[in-house]
>>> print(open('input.cif').read())   # mmCIF, C-alpha atoms
data_run
loop_
_atom_site.label_atom_id
_atom_site.label_comp_id
_atom_site.auth_asym_id
_atom_site.auth_seq_id
_atom_site.Cartn_x
_atom_site.Cartn_y
_atom_site.Cartn_z
CA MET A 1055 -19.70 21.48 -18.88
CA CYS A 1056 -15.94 21.37 -19.38
CA VAL A 1057 -13.28 22.08 -16.85
CA GLU A 1058 -11.34 25.30 -17.41
CA ALA A 1059 -8.00 24.58 -19.05
CA LEU A 1060 -5.88 25.86 -16.18
CA PRO A 1061 -2.16 25.09 -15.88
CA PRO A 1062 -1.21 22.45 -13.28
CA PRO A 1063 -0.56 23.90 -9.81
CA SER A 1064 2.96 24.44 -8.53
CA ALA A 1065 4.39 21.21 -7.16
CA ARG A 1066 7.22 23.01 -5.30
CA LEU A 1067 4.97 25.32 -3.32
CA THR A 1068 2.70 22.45 -2.41
CA ARG A 1069 5.60 20.28 -1.34
CA ARG A 1070 6.52 22.79 1.35
CA GLY A 1071 2.94 22.87 2.53
CA VAL A 1072 2.85 19.09 2.69
CA LEU A 1073 6.10 18.96 4.64
CA ALA A 1074 4.71 21.48 7.09
CA GLY A 1075 1.65 19.26 7.53
CA ALA A 1076 3.90 16.29 8.16
CA ALA A 1077 5.77 18.28 10.77
CA ALA A 1078 2.51 19.10 12.52
CA LEU A 1079 1.63 15.39 12.54
CA ALA A 1080 5.03 14.67 14.07
CA GLY A 1081 4.49 17.41 16.64
CA THR A 1082 7.49 19.45 15.50
CA MET A 1083 6.22 22.90 14.66
CA ALA A 1084 9.69 24.24 13.94
CA ALA A 1085 9.64 22.50 10.56
CA ALA A 1086 6.95 24.91 9.44
CA ALA A 1087 9.44 27.75 9.31
CA PRO A 1088 10.83 28.73 5.89
CA ALA A 1089 14.39 27.74 6.75
CA ALA A 1090 13.26 24.31 7.92
CA ALA A 1091 11.16 23.86 4.80
CA ALA A 1092 14.21 24.58 2.67
CA ALA A 1093 16.20 22.08 4.72
CA ALA A 1094 13.47 19.50 4.20
CA ASP A 1095 13.72 20.04 0.45
CA ARG A 1096 17.47 19.46 0.63
CA ASP A 1097 17.01 16.34 2.77
CA ALA A 1098 14.43 14.94 0.37
CA ALA A 1099 16.88 15.33 -2.51
CA SER A 1100 19.68 13.50 -0.69
CA PRO A 1101 20.55 9.83 -1.35
CA ALA A 1102 19.70 8.96 2.25
CA ALA A 1103 16.14 10.16 1.76
CA ARG A 1104 15.77 8.36 -1.54
CA ASN A 1105 16.99 4.94 -0.43
CA ALA A 1106 14.67 2.11 0.47
CA SER A 1107 14.93 2.74 4.18
CA GLY A 1108 12.76 5.78 3.51
CA ALA A 1109 14.32 7.76 6.35
CA THR A 1110 16.77 10.61 6.59
CA ARG A 1111 18.10 9.06 9.79
CA GLY A 1112 17.83 5.71 11.55
CA GLY A 1113 19.17 3.59 14.37
CA SER A 1114 22.07 1.15 14.64
CA LEU A 1115 21.01 -2.21 16.03
CA VAL A 1116 21.98 -5.87 16.14
CA ILE A 1117 19.21 -8.48 16.18
CA ARG A 1118 20.83 -11.59 17.57
CA GLY A 1119 19.96 -15.23 18.13
CA GLY A 1120 16.69 -15.61 16.26
CA THR A 1121 15.70 -17.83 13.35
CA LEU A 1122 15.92 -15.71 10.20
CA LEU A 1123 13.61 -16.36 7.25
CA ASP A 1124 14.47 -14.96 3.83
CA PRO A 1125 11.18 -14.82 1.89
CA ALA A 1126 12.99 -14.49 -1.43
CA THR A 1127 14.72 -17.86 -1.20
CA GLY A 1128 12.88 -19.60 1.62
CA GLU A 1129 16.23 -20.06 3.37
CA VAL A 1130 16.09 -20.40 7.16
CA THR A 1131 19.12 -19.44 9.27
CA GLU A 1132 19.14 -20.44 12.91
CA ASN A 1133 20.89 -18.37 15.58
CA ALA A 1134 21.13 -15.58 13.01
CA VAL A 1135 22.63 -12.12 13.33
CA VAL A 1136 21.24 -9.04 11.57
CA VAL A 1137 23.27 -5.83 11.74
CA ILE A 1138 21.50 -2.54 10.98
CA ARG A 1139 23.50 0.65 10.52
CA ASP A 1140 21.80 4.03 10.03
CA GLY A 1141 18.51 2.36 9.22
CA THR A 1142 19.89 -0.07 6.61
CA VAL A 1143 20.99 -3.71 6.90
CA SER A 1144 24.78 -3.93 6.65
CA ALA A 1145 25.02 -7.69 7.23
CA ALA A 1146 22.81 -10.70 7.96
CA GLY A 1147 23.52 -14.40 8.37
CA SER A 1148 25.01 -16.98 10.67
CA PRO A 1149 27.18 -15.80 13.61
CA GLY A 1150 30.45 -16.85 11.98
CA SER A 1151 29.74 -14.85 8.84
CA VAL A 1152 28.76 -11.56 10.47
CA THR A 1153 30.91 -9.15 12.46
CA VAL A 1154 28.99 -7.60 15.34
CA PRO A 1155 29.94 -3.97 15.97
CA SER A 1156 30.80 -3.21 19.57
CA ASP A 1157 28.92 0.09 19.67
CA ALA A 1158 25.51 -1.14 18.52
CA ASP A 1159 22.45 -1.78 20.65
CA VAL A 1160 21.47 -5.45 20.81
CA LEU A 1161 17.99 -6.92 20.52
CA GLU A 1162 18.02 -10.51 21.73
CA ALA A 1163 15.80 -12.73 19.57
CA HIS A 1164 16.54 -16.21 20.98
CA GLY A 1165 13.56 -18.51 20.56
CA ARG A 1166 11.92 -16.18 18.05
CA TRP A 1167 11.66 -15.96 14.29
CA VAL A 1168 12.92 -12.88 12.50
CA LEU A 1169 11.34 -11.66 9.28
CA PRO A 1170 11.55 -8.45 7.28
CA GLY A 1171 8.92 -5.85 8.03
CA LEU A 1172 5.69 -6.51 6.16
CA VAL A 1173 4.12 -4.50 3.34
CA ASP A 1174 0.45 -3.50 3.31
CA ALA A 1175 -0.24 -2.76 -0.35
CA HIS A 1176 -3.70 -1.26 0.20
CA ILE A 1177 -4.37 0.86 3.28
CA HIS A 1178 -5.99 4.22 4.02
CA LEU A 1179 -3.91 6.19 6.54
CA SER A 1180 -5.43 9.55 7.43
CA THR A 1181 -4.01 10.22 10.90
CA ALA A 1182 -0.75 9.94 12.80
CA ALA A 1183 -2.41 7.44 15.17
CA GLU A 1184 -3.35 5.16 12.29
CA ALA A 1185 0.19 5.37 10.92
CA ARG A 1186 1.64 4.35 14.28
CA ASP A 1187 -0.83 1.48 14.60
CA ALA A 1188 0.14 0.15 11.19
CA VAL A 1189 3.84 0.09 12.07
CA ARG A 1190 3.29 -1.53 15.44
CA GLN A 1191 1.27 -4.30 13.79
CA GLY A 1192 4.16 -5.06 11.46
CA ALA A 1193 3.43 -2.98 8.35
CA THR A 1194 6.70 -1.09 8.00
CA SER A 1195 5.95 -0.28 4.35
CA ALA A 1196 2.62 0.41 2.68
CA ARG A 1197 0.78 1.77 -0.34
CA SER A 1198 -2.11 4.13 0.18
CA GLY A 1199 -5.51 3.37 -1.27
CA SER A 1200 -6.20 7.15 -1.28
CA THR A 1201 -7.28 9.68 1.34
CA SER A 1202 -9.82 12.48 1.21
CA PHE A 1203 -7.52 15.48 1.73
CA TYR A 1204 -3.98 14.35 0.88
CA GLN A 1205 -3.27 13.13 4.40
CA ASP A 1206 -1.36 10.17 2.96
CA ILE A 1207 1.20 12.51 1.40
CA ALA A 1208 1.80 14.08 4.80
CA VAL A 1209 2.09 10.60 6.36
CA ARG A 1210 4.69 9.72 3.73
CA GLU A 1211 6.74 12.77 4.70
CA LEU A 1212 6.27 12.00 8.39
CA ALA A 1213 7.75 8.54 7.76
CA ARG A 1214 10.78 10.03 6.05
CA HIS A 1215 11.60 12.30 8.97
CA SER A 1216 10.37 10.11 11.86
CA PRO A 1217 10.35 6.51 10.55
CA ASP A 1218 9.33 5.07 13.91
CA LEU A 1219 6.00 6.93 13.63
CA ALA A 1220 4.80 5.72 10.24
CA PRO A 1221 5.35 3.11 7.55
CA ARG A 1222 7.32 3.99 4.43
CA LEU A 1223 4.37 5.03 2.29
CA THR A 1224 3.58 5.13 -1.41
CA ALA A 1225 0.90 7.84 -1.54
CA ALA A 1226 -2.12 7.89 -3.85
CA GLY A 1227 -3.58 11.28 -3.00
CA ILE A 1228 -7.29 11.54 -3.74
CA PHE A 1229 -9.56 9.06 -5.49
CA VAL A 1230 -10.30 9.57 -9.19
CA THR A 1231 -14.03 8.89 -8.96
CA PRO A 1232 -17.16 10.30 -10.62
CA ASP A 1233 -18.42 11.98 -7.45
CA LEU A 1234 -15.67 13.70 -5.50
CA GLY A 1235 -18.08 14.91 -2.84
CA GLU A 1236 -16.36 16.96 -0.16
CA THR A 1237 -12.98 15.99 -1.62
CA VAL A 1238 -13.52 18.70 -4.21
CA LEU A 1239 -12.35 21.00 -1.38
CA ALA A 1240 -9.07 19.13 -0.99
CA ASP A 1241 -7.37 21.55 -3.35
CA PRO A 1242 -8.42 24.89 -4.87
CA ASP A 1243 -7.52 23.55 -8.31
CA LEU A 1244 -10.24 20.91 -7.95
CA THR A 1245 -13.06 23.30 -7.16
CA PRO A 1246 -14.04 23.93 -10.83
CA LEU A 1247 -15.06 20.26 -10.93
CA ALA A 1248 -17.94 21.04 -8.56
CA ARG A 1249 -19.76 22.64 -11.49
CA LEU A 1250 -19.79 19.46 -13.56
CA LYS A 1251 -23.33 18.19 -13.90
CA ASP A 1252 -22.30 14.57 -14.49
CA GLY A 1253 -19.28 14.55 -12.21
CA VAL A 1254 -15.71 13.60 -13.11
CA ARG A 1255 -16.36 11.71 -16.33
CA SER A 1256 -15.09 13.71 -19.30
CA ALA A 1257 -11.55 13.14 -20.55
CA GLU A 1258 -10.63 16.66 -19.50
CA ALA A 1259 -11.99 16.23 -15.97
CA LEU A 1260 -10.28 12.87 -15.53
CA ARG A 1261 -6.97 14.33 -16.66
CA ARG A 1262 -7.45 17.25 -14.32
CA VAL A 1263 -7.76 15.09 -11.19
CA VAL A 1264 -4.69 13.12 -12.21
CA GLU A 1265 -2.73 16.35 -12.83
CA VAL A 1266 -3.65 17.82 -9.45
CA ASN A 1267 -2.72 14.57 -7.70
CA VAL A 1268 0.68 14.48 -9.36
CA ALA A 1269 1.30 18.16 -8.64
CA ARG A 1270 0.50 17.55 -4.99
CA GLY A 1271 3.08 14.76 -4.83
CA ALA A 1272 1.10 11.54 -5.34
CA ASP A 1273 3.25 8.50 -6.15
CA VAL A 1274 0.44 6.49 -7.74
CA ILE A 1275 -3.11 7.15 -8.95
CA LYS A 1276 -6.17 5.42 -7.49
CA THR A 1277 -9.43 5.03 -9.42
CA ARG A 1278 -12.45 2.75 -9.55
CA VAL A 1279 -14.46 0.84 -12.10
CA ASN A 1280 -17.24 -0.38 -9.78
CA GLU A 1281 -19.25 0.99 -6.88
CA ARG A 1282 -18.32 0.21 -3.26
CA ALA A 1283 -19.00 -3.05 -1.42
CA GLY A 1284 -18.86 -1.41 2.00
CA LEU A 1285 -21.91 0.81 1.47
CA PRO A 1286 -25.23 -1.07 1.58
CA GLU A 1287 -26.96 1.37 -0.76
CA GLN A 1288 -24.40 0.78 -3.53
CA ASP A 1289 -24.15 -2.14 -5.95
CA PRO A 1290 -20.52 -3.32 -6.16
CA LEU A 1291 -21.19 -4.86 -9.57
CA ALA A 1292 -22.42 -1.59 -11.08
CA GLN A 1293 -19.80 -0.08 -13.38
CA VAL A 1294 -19.01 3.63 -13.04
CA TYR A 1295 -16.25 4.09 -15.64
CA SER A 1296 -15.98 2.64 -19.14
CA HIS A 1297 -12.91 1.11 -20.73
CA GLU A 1298 -12.33 4.39 -22.56
CA GLN A 1299 -12.49 6.46 -19.37
CA LEU A 1300 -10.15 4.09 -17.55
CA SER A 1301 -7.74 4.27 -20.49
CA GLU A 1302 -7.78 8.06 -20.22
CA ILE A 1303 -6.85 7.85 -16.53
CA VAL A 1304 -4.07 5.33 -17.20
CA ALA A 1305 -2.69 7.44 -20.07
CA ALA A 1306 -2.74 10.65 -18.01
CA ALA A 1307 -0.95 8.90 -15.15
CA GLY A 1308 1.51 7.22 -17.49
CA ARG A 1309 2.55 10.52 -19.04
CA ARG A 1310 3.69 11.52 -15.56
CA GLY A 1311 5.37 8.21 -14.79
CA LYS A 1312 2.66 6.97 -12.42
CA GLY A 1313 0.89 3.63 -12.25
CA VAL A 1314 -2.80 3.14 -11.46
CA LEU A 1315 -4.53 0.93 -8.91
CA CYS A 1316 -8.19 0.24 -9.56
CA HIS A 1317 -11.06 -0.61 -7.18
CA SER A 1318 -13.06 -3.33 -8.93
CA TYR A 1319 -15.50 -6.17 -8.38
CA SER A 1320 -17.38 -7.32 -11.49
CA GLU A 1321 -15.73 -9.49 -14.12
CA GLN A 1322 -16.47 -7.00 -16.89
CA GLY A 1323 -15.17 -4.16 -14.76
CA CYS A 1324 -12.02 -6.09 -13.91
CA HIS A 1325 -11.44 -6.91 -17.57
CA ASP A 1326 -11.95 -3.32 -18.68
CA ALA A 1327 -9.54 -2.08 -16.01
CA VAL A 1328 -6.84 -4.62 -16.81
CA THR A 1329 -7.02 -4.11 -20.57
CA ALA A 1330 -6.94 -0.34 -20.00
CA GLY A 1331 -3.48 -0.86 -18.51
CA ILE A 1332 -3.80 -0.55 -14.75
CA ARG A 1333 -0.87 -1.63 -12.58
CA SER A 1334 -2.92 -3.48 -9.97
CA LEU A 1335 -6.45 -4.76 -9.53
CA GLU A 1336 -7.91 -4.12 -6.07
CA HIS A 1337 -10.58 -6.39 -4.47
CA GLY A 1338 -11.61 -8.11 -7.73
CA ALA A 1339 -14.00 -10.63 -6.17
CA PHE A 1340 -15.57 -11.75 -9.44
CA VAL A 1341 -12.50 -11.59 -11.67
CA GLY A 1342 -12.70 -14.40 -14.22
CA GLU A 1343 -10.19 -16.66 -15.92
CA ARG A 1344 -9.96 -14.60 -19.13
CA THR A 1345 -8.98 -11.55 -17.08
CA LEU A 1346 -6.54 -13.49 -14.91
CA VAL A 1347 -4.84 -14.81 -18.05
CA GLU A 1348 -4.57 -11.25 -19.32
CA MET A 1349 -3.16 -10.15 -15.96
CA ARG A 1350 -0.48 -12.81 -16.13
CA ARG A 1351 0.41 -11.72 -19.67
CA ARG A 1352 0.66 -8.07 -18.68
CA GLY A 1353 2.18 -8.57 -15.23
CA THR A 1354 -0.82 -6.88 -13.60
CA TYR A 1355 -0.90 -7.36 -9.83
CA PHE A 1356 -3.88 -8.63 -7.86
CA THR A 1357 -4.47 -7.11 -4.40
CA PRO A 1358 -7.61 -8.95 -3.21
CA THR A 1359 -7.96 -7.34 0.26
CA LEU A 1360 -9.45 -10.54 1.71
CA THR A 1361 -9.34 -8.97 5.16
CA ALA A 1362 -11.82 -6.27 4.16
CA ILE A 1363 -14.22 -8.71 2.52
CA ALA A 1364 -14.05 -11.06 5.51
CA GLY A 1365 -14.80 -8.04 7.69
CA LEU A 1366 -18.02 -7.37 5.81
CA ALA A 1367 -19.31 -10.76 6.92
CA GLN A 1368 -19.06 -9.56 10.53
CA SER A 1369 -21.06 -6.38 9.88
CA THR A 1370 -24.17 -5.59 11.90
CA ASP A 1371 -25.79 -4.40 8.68
CA PRO A 1372 -27.61 -7.40 7.16
CA VAL A 1373 -26.92 -6.30 3.58
CA LEU A 1374 -23.20 -5.99 4.19
CA ALA A 1375 -23.03 -9.21 6.20
CA GLU A 1376 -24.70 -11.17 3.43
CA ARG A 1377 -22.45 -9.51 0.87
CA GLY A 1378 -19.37 -10.53 2.83
CA ARG A 1379 -20.53 -14.11 3.25
CA THR A 1380 -21.25 -14.34 -0.47
CA TYR A 1381 -18.15 -12.59 -1.76
CA LEU A 1382 -15.47 -14.15 0.46
CA PRO A 1383 -15.54 -17.73 -0.92
CA VAL A 1384 -15.72 -16.36 -4.47
CA LEU A 1385 -12.69 -14.17 -3.82
CA GLU A 1386 -10.78 -17.02 -2.18
CA ARG A 1387 -11.28 -19.10 -5.33
CA ALA A 1388 -10.12 -16.18 -7.46
CA VAL A 1389 -6.98 -15.78 -5.34
CA LEU A 1390 -6.08 -19.45 -5.66
CA ALA A 1391 -6.76 -19.39 -9.41
CA ALA A 1392 -4.57 -16.30 -9.77
CA HIS A 1393 -1.76 -17.96 -7.85
CA GLU A 1394 -1.95 -21.14 -9.91
CA LEU A 1395 -1.89 -19.13 -13.13
CA GLY A 1396 1.13 -17.13 -12.02
CA VAL A 1397 -0.60 -13.77 -11.49
CA PRO A 1398 1.48 -11.72 -9.00
CA LEU A 1399 -0.34 -11.22 -5.69
CA ALA A 1400 0.09 -8.49 -3.08
CA ALA A 1401 -1.34 -8.37 0.44
CA GLY A 1402 -3.47 -5.42 1.48
CA THR A 1403 -5.91 -4.95 4.34
CA ASP A 1404 -7.94 -1.98 3.01
CA SER A 1405 -7.92 -0.66 6.57
CA SER A 1406 -9.74 2.67 6.92
CA GLY A 1407 -11.89 4.76 9.20
CA GLY A 1408 -9.57 4.67 12.18
CA LYS A 1409 -9.35 0.88 12.45
CA VAL A 1410 -6.05 -0.60 11.32
CA ARG A 1411 -6.14 -4.34 10.77
CA PRO A 1412 -2.88 -6.34 11.05
CA ILE A 1413 -1.35 -7.11 7.67
CA GLY A 1414 -0.56 -10.55 9.05
CA ARG A 1415 -4.30 -11.29 8.89
CA GLU A 1416 -4.21 -10.85 5.12
CA VAL A 1417 -1.35 -13.35 4.91
CA GLU A 1418 -3.40 -15.73 7.05
CA LEU A 1419 -6.34 -15.42 4.64
CA MET A 1420 -4.05 -15.93 1.63
CA ARG A 1421 -2.96 -19.18 3.26
CA ALA A 1422 -6.59 -20.14 3.93
CA ALA A 1423 -7.35 -19.54 0.25
CA GLY A 1424 -4.88 -22.28 -0.64
CA LEU A 1425 -1.47 -20.63 -1.05
CA PRO A 1426 1.52 -22.45 0.47
CA ALA A 1427 2.76 -20.68 3.59
CA LEU A 1428 5.93 -19.28 2.00
CA ASP A 1429 4.02 -17.95 -1.01
CA ALA A 1430 1.46 -16.36 1.31
CA ILE A 1431 4.29 -14.65 3.22
CA ARG A 1432 5.73 -13.40 -0.06
CA THR A 1433 2.51 -11.53 -0.83
CA ALA A 1434 3.35 -9.23 2.11
CA THR A 1435 7.12 -9.12 1.56
CA THR A 1436 8.91 -9.62 -1.76
CA GLY A 1437 5.74 -9.65 -3.88
CA ALA A 1438 4.25 -6.48 -2.47
CA ALA A 1439 7.68 -4.82 -2.55
CA ARG A 1440 7.86 -5.41 -6.31
CA LEU A 1441 4.44 -3.87 -6.78
CA LEU A 1442 5.60 -0.75 -4.94
CA GLY A 1443 8.88 -0.64 -6.88
CA LEU A 1444 10.85 -1.33 -3.69
CA GLU A 1445 12.10 -4.82 -4.48
CA ARG A 1446 15.75 -3.76 -4.15
CA GLY A 1447 15.33 -2.46 -0.64
CA VAL A 1448 12.23 -3.93 1.01
CA GLY A 1449 10.94 -7.45 1.66
CA ARG A 1450 14.18 -9.08 2.82
CA LEU A 1451 16.74 -8.70 5.59
CA ALA A 1452 19.85 -8.65 3.43
CA ARG A 1453 22.72 -6.23 2.92
CA GLY A 1454 21.49 -2.92 1.52
CA PHE A 1455 17.84 -3.54 2.43
CA ALA A 1456 15.80 -1.46 4.85
CA GLY A 1457 16.44 -2.12 8.54
CA ASP A 1458 12.81 -3.11 9.17
CA ALA A 1459 12.02 -6.37 10.93
CA ILE A 1460 9.40 -8.22 12.93
CA LEU A 1461 10.02 -10.76 15.67
CA LEU A 1462 7.57 -13.62 16.06
CA ASP A 1463 6.94 -16.13 18.82
CA GLY A 1464 6.45 -19.03 16.41
CA ASP A 1465 7.36 -20.51 13.04
CA PRO A 1466 5.35 -18.71 10.32
CA LEU A 1467 5.98 -21.53 7.88
CA ALA A 1468 4.08 -23.83 10.23
CA ASP A 1469 1.42 -21.31 11.26
CA VAL A 1470 1.19 -17.98 9.41
CA ALA A 1471 -1.22 -16.72 12.09
CA VAL A 1472 1.83 -15.73 14.20
CA LEU A 1473 2.25 -12.83 11.74
CA THR A 1474 -0.89 -11.21 13.15
CA ARG A 1475 0.80 -10.64 16.51
CA PRO A 1476 4.48 -9.64 16.20
CA VAL A 1477 6.16 -9.43 19.59
CA ARG A 1478 8.61 -6.73 18.47
CA VAL A 1479 8.84 -4.47 15.45
CA VAL A 1480 11.99 -2.78 14.22
CA ARG A 1481 11.63 0.26 11.95
CA ALA A 1482 14.75 1.73 10.33
CA GLY A 1483 16.93 0.19 13.02
CA VAL A 1484 14.80 1.38 15.92
CA ALA A 1485 13.18 -1.31 18.07
CA LEU A 1486 9.63 -0.28 18.94
#
>>> encode(input="input.cif", output="structure tokens")
Amino acid sequence: MCVEALPPPSARLTRRGVLAGAAALAGTMAAAAPAAAAAADRDAASPAARNASGATRGGSLVIRGGTLLDPATGEVTENAVVVIRDGTVSAAGSPGSVTVPSDADVLEAHGRWVLPGLVDAHIHLSTAAEARDAVRQGATSARSGSTSFYQDIAVRELARHSPDLAPRLTAAGIFVTPDLGETVLADPDLTPLARLKDGVRSAEALRRVVEVNVARGADVIKTRVNERAGLPEQDPLAQVYSHEQLSEIVAAAGRRGKGVLCHSYSEQGCHDAVTAGIRSLEHGAFVGERTLVEMRRRGTYFTPTLTAIAGLAQSTDPVLAERGRTYLPVLERAVLAAHELGVPLAAGTDSSGGKVRPIGREVELMRAAGLPALDAIRTATTGAARLLGLERGVGRLARGFAGDAILLDGDPLADVAVLTRPVRVVRAGVAL
């Protein structure tokens, strides 16, 4: 059965609804009023809302006395000064090279290391509490791995209006998957898909889910090629979409200027996804050399989510525990092989279900897989920022970049584990 050829839903009307949902998350019901919705539309169109700081307003702050690490160059500046004005870095460097404004708040960082806020390139944020947890654990920017009812789009808007409550978020909307389940109720324009006997598999149905996602404000599209590893009844090596179906999803997203991230495990699934033109490969435990070579050629990113796979090994379910123990060393070898081949890597925790894991743990596992410390740090800073298209404003503490920072009690180049427990987090110039 085909999906009815309905026109895409109105993006403008939905945007107001999403902004109202974000206001409810923030606890500011006034934003639900028509006048406030119109103001939100104007704010979203302004340069301040579009810049990398991701906020329509921010704090002014000086971080003083710490040891500043620039992940882009590896340069270390002792007794550094970072000046943040209206949520954006206006200056950073040694004391003699930076003028400290007299009216700014000061955060003393003596004895601590100062790094840019980290990026979690694969996380599922469905509640305001989860968004706050992510920020307070150092993930000041993130990319959604999808949510069931467009909560990530509301979290993105929450971050723009109240940056201290949520990471700057690249939203994926809902999963393009054969069985939408209850997610078919996420939008009235999806409900015709409930009639499909074989699920979301036809070219028309695949295009339809992409269209609804884009109309609802999704920044990227999330799909899968394999079943899930976190469900004991599923086989993560079983393929659910063919190369042709994946190509249809990529083409539909591309026509709307969106990239695709793809949940994957088997080598054949990984290869089909990469050659179909996805932007990033997620999980990818059994990705092989031929696919990694193709990824390097195409510039396809690898987001291995080592944290999630390591978590399976701790499961009380014997099937999942064995799966985790088996998959983790295979994935670690794949990560090291990818790094040595020059495949770009991005850190992502795959946190979901109310439990937010620190993005620093993913960096720690990248280091354990064999990456040098600085390269491991880059997977959660400059590397992940490039994947999200934020490389000109996220991942460094330099002039014009977002005023997001973490303060650490130790040297991350000597022990990346300090990234798992930041002592202070600064989001858009506000010290949390």
>>> residues_around(input="input.cif", residues="Ala1327 in chain A", least_positions_apart="4", cutoff="9 Å", atoms="all atoms listed in the file", output="VMD selection string")
chain A and resid 1278 to 1279 1296 to 1297 1300 to 1301 1316 1318 1322 to 1323 1331 to 1332 1335
>>> residues_around(input="input.cif", residues="range 1361-1371 of chain A", least_positions_apart="3", cutoff="8 Å", atoms="all atoms listed in the file", output="VMD selection string")
chain A and resid 1284 1286 1374 to 1379 1381 to 1382 1402 to 1405 1411 1415 to 1416 1419
>>> resolve_selection(input="input.cif", expression="the PyMOL selection byres ((chain A and resi 1257) around 12)", output="PDB file with C-alpha atoms, in the frame of the given file")
ATOM      1  CA  MET A1055     -19.700  21.480 -18.880  1.00  0.00           C
ATOM      2  CA  CYS A1056     -15.940  21.370 -19.380  1.00  0.00           C
ATOM      3  CA  VAL A1057     -13.280  22.080 -16.850  1.00  0.00           C
ATOM      4  CA  VAL A1230     -10.300   9.570  -9.190  1.00  0.00           C
ATOM      5  CA  PRO A1232     -17.160  10.300 -10.620  1.00  0.00           C
ATOM      6  CA  GLY A1253     -19.280  14.550 -12.210  1.00  0.00           C
ATOM      7  CA  VAL A1254     -15.710  13.600 -13.110  1.00  0.00           C
ATOM      8  CA  ARG A1255     -16.360  11.710 -16.330  1.00  0.00           C
ATOM      9  CA  SER A1256     -15.090  13.710 -19.300  1.00  0.00           C
ATOM     10  CA  GLU A1258     -10.630  16.660 -19.500  1.00  0.00           C
ATOM     11  CA  ALA A1259     -11.990  16.230 -15.970  1.00  0.00           C
ATOM     12  CA  LEU A1260     -10.280  12.870 -15.530  1.00  0.00           C
ATOM     13  CA  ARG A1261      -6.970  14.330 -16.660  1.00  0.00           C
ATOM     14  CA  ARG A1262      -7.450  17.250 -14.320  1.00  0.00           C
ATOM     15  CA  VAL A1263      -7.760  15.090 -11.190  1.00  0.00           C
ATOM     16  CA  VAL A1264      -4.690  13.120 -12.210  1.00  0.00           C
ATOM     17  CA  TYR A1295     -16.250   4.090 -15.640  1.00  0.00           C
ATOM     18  CA  SER A1296     -15.980   2.640 -19.140  1.00  0.00           C
ATOM     19  CA  GLU A1298     -12.330   4.390 -22.560  1.00  0.00           C
ATOM     20  CA  GLN A1299     -12.490   6.460 -19.370  1.00  0.00           C
ATOM     21  CA  LEU A1300     -10.150   4.090 -17.550  1.00  0.00           C
ATOM     22  CA  SER A1301      -7.740   4.270 -20.490  1.00  0.00           C
ATOM     23  CA  GLU A1302      -7.780   8.060 -20.220  1.00  0.00           C
ATOM     24  CA  ILE A1303      -6.850   7.850 -16.530  1.00  0.00           C
ATOM     25  CA  VAL A1304      -4.070   5.330 -17.200  1.00  0.00           C
ATOM     26  CA  ALA A1305      -2.690   7.440 -20.070  1.00  0.00           C
ATOM     27  CA  ALA A1306      -2.740  10.650 -18.010  1.00  0.00           C
TER      28      ALA A1306
END
>>> residues_near_point(input="input.cif", point="(-3.7, -14.9, 11.2)", cutoff="7 Å", atoms="only C-alpha atoms", output="PyMOL selection string")
chain A and resi 1414-1415+1417-1418+1470-1474
>>> resolve_selection(input="input.cif", expression="the PyMOL selection byres ((chain A and resi 1395) around 12)", output="PDB file with C-alpha atoms, in the coordinates of the input")
ATOM      1  CA  GLY A1342     -12.700 -14.400 -14.220  1.00  0.00           C
ATOM      2  CA  GLU A1343     -10.190 -16.660 -15.920  1.00  0.00           C
ATOM      3  CA  ARG A1344      -9.960 -14.600 -19.130  1.00  0.00           C
ATOM      4  CA  THR A1345      -8.980 -11.550 -17.080  1.00  0.00           C
ATOM      5  CA  LEU A1346      -6.540 -13.490 -14.910  1.00  0.00           C
ATOM      6  CA  VAL A1347      -4.840 -14.810 -18.050  1.00  0.00           C
ATOM      7  CA  GLU A1348      -4.570 -11.250 -19.320  1.00  0.00           C
ATOM      8  CA  MET A1349      -3.160 -10.150 -15.960  1.00  0.00           C
ATOM      9  CA  ARG A1350      -0.480 -12.810 -16.130  1.00  0.00           C
ATOM     10  CA  ARG A1351       0.410 -11.720 -19.670  1.00  0.00           C
ATOM     11  CA  GLY A1353       2.180  -8.570 -15.230  1.00  0.00           C
ATOM     12  CA  PHE A1356      -3.880  -8.630  -7.860  1.00  0.00           C
ATOM     13  CA  ALA A1388     -10.120 -16.180  -7.460  1.00  0.00           C
ATOM     14  CA  VAL A1389      -6.980 -15.780  -5.340  1.00  0.00           C
ATOM     15  CA  LEU A1390      -6.080 -19.450  -5.660  1.00  0.00           C
ATOM     16  CA  ALA A1391      -6.760 -19.390  -9.410  1.00  0.00           C
ATOM     17  CA  ALA A1392      -4.570 -16.300  -9.770  1.00  0.00           C
ATOM     18  CA  HIS A1393      -1.760 -17.960  -7.850  1.00  0.00           C
ATOM     19  CA  GLU A1394      -1.950 -21.140  -9.910  1.00  0.00           C
ATOM     20  CA  GLY A1396       1.130 -17.130 -12.020  1.00  0.00           C
ATOM     21  CA  VAL A1397      -0.600 -13.770 -11.490  1.00  0.00           C
ATOM     22  CA  PRO A1398       1.480 -11.720  -9.000  1.00  0.00           C
ATOM     23  CA  LEU A1399      -0.340 -11.220  -5.690  1.00  0.00           C
TER      24      LEU A1399
END
>>> closest_residue(input="input.cif", among="A:Leu1219, A:Ala1225, A:Cys1324, A:Leu1244", to="Lys1276 in chain A", atoms="only C-alpha atoms")
A:Ala1225
>>> closest_residue(input="input.cif", among="A:Ala1193, A:Ile1207, A:Val1136, A:Ala1183", to="Gly1171 in chain A", atoms="all atoms listed in the file")
A:Ala1193
